[in-house]
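> First the structure, then my questions, so here it is.
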Amino acid sequence: MLDTIATPTLWAVTIAAVVVLIALDFVLTRKPHEVSMKEAIGWSAFYIALPLAFGVWVWNAHGSQTGFEYYTGYIVEKSLSVDNLFVFMLLLAAFAVPRHLQQKVLLFGIVGALVLRGIFIALGAAALSQWDIVFLIFGAILLITAAKIFTEALQGHDQKVDPEEMLAVRIGRKIGLKPMAIVVLAIFATDIVFAVDSVPAVYGITGDPYLVFATNAFALLGLRALYFVLEGALSKLVHLSYGLAAILAFIGVKLGLHWAHGIWDSVPVVPTWLSLVIIVGILAVTVTTSLIASARTQAREETEALEETNA
């Protein structure tokens, strides 16, 4: 049985709070409208302040080690959610979803992601409580994913989505679903892929199923608003794939060491505080180099355009 800080009451309160927040989002989006930057920033600030405040309670109530695990898991999940947003943006563009309907589609996608991750978290907890080898399997999944992301980034492949190649889209059209329902189905399909990566990643930080669920829920709940804040900036994060690959590879190695330590005491393990430092460091380098590279590219394009005009 995996150790957890959660009691049945805490589980009930947390799930109820998630349901209330989702219901609030549905109320806010009941009337389709374009999301203003002021609205998006306001709700994004709320959905960032909420998990940070919850982390203070976790730290004070359960100690610094658990607090480090929570905050590290949240940062990992939030980082991966930015990649989710980029794919969602590509899907919405590919299906030409009108701007006033985009937040409703995103909300359905977030609900689907929450349900799927809840299922994966439960399955992961059951497996980990029975077989230690699952840590090694999760580590292998993350290393394979990291290698794939890094290779594609190195080769310069632009991330793109072709709806016609998606099995979910073909099935939706065969059964006569409306266009908006097909878009939601396509987002659900991508949610499955993201759940396969994100759940093992956070289990590499903490073995507490409650903290795994809480970090996933907090990372996902604010995506609807965060999408409209980062919509223009996502394209500037040109090194995001390298950063995510490094983070997933690091956690994959950490899981492998954890499994090996259970067999050979001499194998070292990576402490949670060091994991937090490394992950934050990777993100800081990724964002900084991305902004520098984007600025240089923009300056070069402006210079070329000016030269063509003067020619």
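Each chain of the structure tokens is named A, B, ... in the order shown, its residues numbered from 1; ligands are numbered from 1 in display order.
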Can you pull out every residue within 9 Å of range 104-116 of chain A, counting only C-alpha atoms, but drop anything in the same chain fewer than 2 positions away, and send it as a ChimeraX atom specification?
/A:22,25-26,29-30,32,88,92,97,100-102,118-121,180-181,183-188,190-192,194-195,213,216-217,220-221,223-224,227
> Enumerate as a PyMOL selection string all residues of range 25-210 of chain A assigned to alpha helix (DSSP H) by DSSP on the backbone, naming them with the chain letters and numbers the document uses.
chain A and resi 25-28+37-62+64-94+99-130+133-154+167-174+179-203+209-210
> Would you list the contacts of Trp273 in chain A as a list in words, taking every protein, DNA or RNA residue within 7 Å and counting only C-alpha atoms, but skipping same-chain residues closer than 3 positions in sequence?
Phe68, Leu276 and Val277 of chain A
> For each of A:Val212, A:Leu123, A:Met37, A:Leu24, take the minimum atom-to-atom distance to Tyr71 in chain A, counting only C-alpha atoms, then give the residue where this is smallest.
A:Val212
> Which of these, A:Ile5, A:Ala168, A:Leu226, A:Ala122, has the shortest distance to Asp208 in chain A once you count only C-alpha atoms?
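Answer, going by the shortest atom-to-atom distance: A:Ile5.
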> Which is closest to Thr66 in chain A among A:Val87, A:Ala153, A:Ala295, A:Ala6, if we use only C-alpha atoms?
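Checking each of A:Val87, A:Ala153, A:Ala295, A:Ala6 against Thr66 in chain A, counting only C-alpha atoms, the winner is A:Ala6.
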